[in-house]
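Structure file work_27.cif with mmCIF, C-alpha atoms and all ligand atoms:
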data_run
#
loop_
_atom_site.label_atom_id
_atom_site.label_comp_id
_atom_site.auth_asym_id
_atom_site.auth_seq_id
_atom_site.Cartn_x
_atom_site.Cartn_y
_atom_site.Cartn_z
CA MET E 1 0.00 0.00 0.00
CA VAL E 2 1.28 3.47 -0.94
CA GLU E 3 1.34 5.95 1.93
CA LYS E 4 -0.49 9.17 1.13
CA LYS E 5 1.21 12.44 2.06
CA THR E 6 -1.28 14.89 0.66
CA CYS E 7 -5.02 15.41 0.60
CA ASP E 8 -6.77 14.19 -2.57
CA ARG E 9 -9.59 16.66 -1.95
CA CYS E 10 -12.11 13.84 -2.17
CA GLY E 11 -14.13 15.53 0.57
CA SER E 12 -15.00 12.24 2.23
CA CYS E 13 -14.17 13.41 5.73
CA CYS E 14 -15.88 16.78 5.17
CA LEU E 15 -19.05 15.09 3.89
CA GLN E 16 -19.34 12.68 6.81
CA GLY E 17 -19.53 15.36 9.45
CA GLY E 18 -17.40 18.25 10.49
CA PRO E 19 -14.62 17.68 12.98
CA ALA E 20 -14.79 17.53 16.73
CA LEU E 21 -13.04 20.49 18.32
CA HIS E 22 -9.95 20.12 20.49
CA GLY E 23 -8.14 22.39 22.93
CA PRO E 24 -6.04 24.29 20.38
CA ASP E 25 -9.21 25.25 18.49
CA ILE E 26 -10.10 27.73 21.25
CA SER E 27 -7.80 30.15 19.42
CA LEU E 28 -10.14 30.03 16.42
CA LEU E 29 -13.04 31.08 18.65
CA LYS E 30 -11.05 33.82 20.38
CA ALA E 31 -9.93 35.18 17.02
CA GLY E 32 -13.50 35.18 15.70
CA LYS E 33 -12.71 32.64 12.97
CA LEU E 34 -15.34 30.33 14.46
CA ALA E 35 -18.49 31.48 16.26
CA ARG E 36 -20.97 29.71 18.51
CA HIS E 37 -23.49 29.37 15.69
CA HIS E 38 -20.92 27.28 13.80
CA LEU E 39 -20.88 24.68 16.59
CA VAL E 40 -23.08 21.91 17.93
CA THR E 41 -22.74 19.97 21.17
CA ILE E 42 -22.94 16.20 20.95
CA ARG E 43 -24.23 14.92 24.28
CA LYS E 44 -23.17 11.71 25.98
CA GLY E 45 -25.26 8.87 24.58
CA GLU E 46 -26.15 10.61 21.31
CA LEU E 47 -25.27 8.82 18.11
CA ALA E 48 -22.20 9.95 16.18
CA LEU E 49 -20.24 8.52 13.29
CA GLN E 50 -16.67 8.00 14.44
CA PRO E 51 -13.85 8.00 11.89
CA PHE E 52 -13.71 4.70 9.97
CA ALA E 53 -16.89 3.43 11.61
CA GLU E 54 -19.59 2.00 9.36
CA LYS E 55 -22.49 3.24 11.43
CA PRO E 56 -23.13 5.80 14.18
CA THR E 57 -22.62 4.69 17.78
CA PRO E 58 -23.48 6.35 21.11
CA VAL E 59 -20.71 8.67 22.27
CA THR E 60 -19.20 8.19 25.70
CA ASP E 61 -18.28 11.84 26.33
CA GLU E 62 -19.78 15.19 25.42
CA PHE E 63 -17.94 17.22 22.78
CA LEU E 64 -18.26 20.16 20.41
CA LYS E 65 -18.09 19.84 16.65
CA LEU E 66 -18.79 21.96 13.60
CA GLN E 67 -22.40 22.18 12.49
CA GLY E 68 -23.70 20.32 9.50
CA ARG E 69 -25.41 22.05 6.62
CA ARG E 70 -29.07 21.92 5.58
CA GLY E 71 -30.08 18.97 7.69
CA SER E 72 -27.05 16.88 6.81
CA TRP E 73 -23.73 16.31 8.54
CA ARG E 74 -21.82 17.76 5.59
CA CYS E 75 -19.47 20.33 7.13
CA LEU E 76 -20.86 23.83 6.75
CA PHE E 77 -17.46 25.03 5.56
CA TYR E 78 -17.13 22.51 2.74
CA ASP E 79 -17.64 23.93 -0.76
CA GLU E 80 -18.79 20.81 -2.57
CA PRO E 81 -18.64 22.10 -6.18
CA ALA E 82 -15.11 23.40 -5.61
CA ARG E 83 -14.21 20.36 -3.47
CA ALA E 84 -12.51 22.72 -1.07
CA CYS E 85 -12.53 23.89 2.52
CA THR E 86 -13.58 27.53 2.73
CA ILE E 87 -11.65 28.04 5.98
CA TYR E 88 -8.63 25.96 5.08
CA GLU E 89 -6.06 28.24 6.74
CA GLN E 90 -8.19 28.39 9.90
CA ARG E 91 -9.62 24.87 9.92
CA PRO E 92 -9.84 22.98 13.23
CA VAL E 93 -6.81 20.97 14.21
CA ALA E 94 -8.54 17.62 13.64
CA CYS E 95 -8.95 18.40 9.94
CA GLY E 96 -5.21 18.64 9.48
CA LEU E 97 -4.49 15.47 11.43
CA PHE E 98 -7.04 13.18 9.88
CA ASP E 99 -5.47 10.41 7.83
CA CYS E 100 -8.12 8.84 5.63
CA THR E 101 -5.80 5.94 4.83
CA GLY E 102 -5.44 4.55 8.33
CA THR E 103 -6.25 4.93 11.99
CA ASP E 104 -3.08 6.75 13.01
CA ALA E 105 -2.64 10.53 12.93
CA GLY E 106 -1.42 11.53 9.48
CA THR E 107 -0.69 14.45 7.26
CA ASN E 108 -3.86 14.71 5.21
CA GLY E 109 -6.38 17.50 5.39
S1 LIG T 1 -13.42 22.63 8.34
FE1 LIG T 1 -12.75 22.35 6.22
S2 LIG T 1 -11.36 20.57 6.22
FE2 LIG T 1 -12.54 20.54 8.15
S3 LIG T 1 -14.32 19.20 7.74
FE3 LIG T 1 -14.93 21.33 7.34
S4 LIG T 1 -14.58 21.64 5.13
FE4 LIG T 1 -13.44 19.81 5.76
#
Take the structure I supplied and represent it as structure tokens, if you would.
Ligand code: SF4
Amino acid sequence: MVEKKTCDRCGSCCLQGGPALHGPDISLLKAGKLARHHLVTIRKGELALQPFAEKPTPVTDEFLKLQGRRGSWRCLFYDEPARACTIYEQRPVACGLFDCTGTDAGTNG
């Protein structure tokens, strides 16, 4: 298997739900790059699709993530016709770490 080093811009991760936020993403909120209306709280026990999972499962801990768009979990910052992230330079840290080729942290996104 060939290891991928760059994003193919397939949009798969962006279409399956925006990322969960992590500690470093607080800087995006403080800088006004993300606002509260961009976020949704997933409560303990609610169903969520975890990376590489085939179906949603109940989450064990509460977390924040980016909102979906128009009743879907497609990330609200994903420009589907352009196959591009509209906040690429300010995207949450998880987007830059996600490796769609495996379960370890990678360089895609
Ligand atoms: S913030 Fe950008 S890279 Fe991250 S899921 Fe949304 S569109 Fe994709």
Task: Residues within 9 Å of stretch 13-17 of chain E, only C-alpha atoms, excluding chain neighbours under 5 positions, as a count of residues only - done: 19
Could you work out an axis-aligned bounding box for all listed atoms of ligand LIG 1 (chain T), with 5 Å added on each of the six sides, and give its centre and edge lengths in Å to one decimal, as lines of an AutoDock Vina configuration file?
center_x = -13.1
center_y = 20.9
center_z = 6.7
size_x = 13.6
size_y = 13.4
size_z = 13.2
Open item on the list: Please compute the atom CA of E:Glu46-atom CA of E:Lys33 distance, one decimal, in Å.
Closed with: 27.1 Å
Task: E:Ala94 surroundings by all atoms listed in the file, 8 Å radius, close-in-sequence under 3 positions cut, as a PyMOL selection string - done: chain E and resi 19-22+97-98
Take the residues that were just selected and, keeping C-alpha atoms, output them as a PDB file, in the coordinates of the input.
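This went into result_4.pdb:
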ATOM      1  CA  PRO E  19     -14.620  17.680  12.980  1.00  0.00           C
ATOM      2  CA  ALA E  20     -14.790  17.530  16.730  1.00  0.00           C
ATOM      3  CA  LEU E  21     -13.040  20.490  18.320  1.00  0.00           C
ATOM      4  CA  HIS E  22      -9.950  20.120  20.490  1.00  0.00           C
ATOM      5  CA  LEU E  97      -4.490  15.470  11.430  1.00  0.00           C
ATOM      6  CA  PHE E  98      -7.040  13.180   9.880  1.00  0.00           C
TER       7      PHE E  98
END
Open item on the list: If we count all atoms listed in the file and set the cut-off at 10 Å, which residues sit around E:Leu34, ignoring sequence neighbours fewer than 4 positions away in its own chain? Please answer as an MDAnalysis selection string.
Closed with: chainID E and resid 25:30 38:39 66 87 90:92
Open item on the list: From the options E:Arg70, E:Arg9, E:Ala35, E:Lys44, which residue's atoms come nearest to ligand LIG 1 (chain T), counting all atoms listed in the file?
Closed with: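 Nearest to ligand LIG 1 (chain T): E:Arg9.
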Task: Between atom FE4 of ligand LIG 1 (chain T) and atom CA of E:Arg83 - distance in Å to one decimal - done: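 Atom FE4 of ligand LIG 1 (chain T) lies at a distance of 9.3 Å from atom CA of E:Arg83.
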Task: Distance of atom CA of E:Thr6 from atom CA of E:Pro81, expressed in Å to one decimal place - done: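 Between atom CA of E:Pro81 and atom CA of E:Thr6 the gap works out to 20.0 Å.
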- [ ] Could you check which of E:Ala48, E:Ile42, E:Ala82, E:Ala53 is closest to ligand LIG 1 (chain T), using all atoms listed in the file?
- [x] E:Ala82
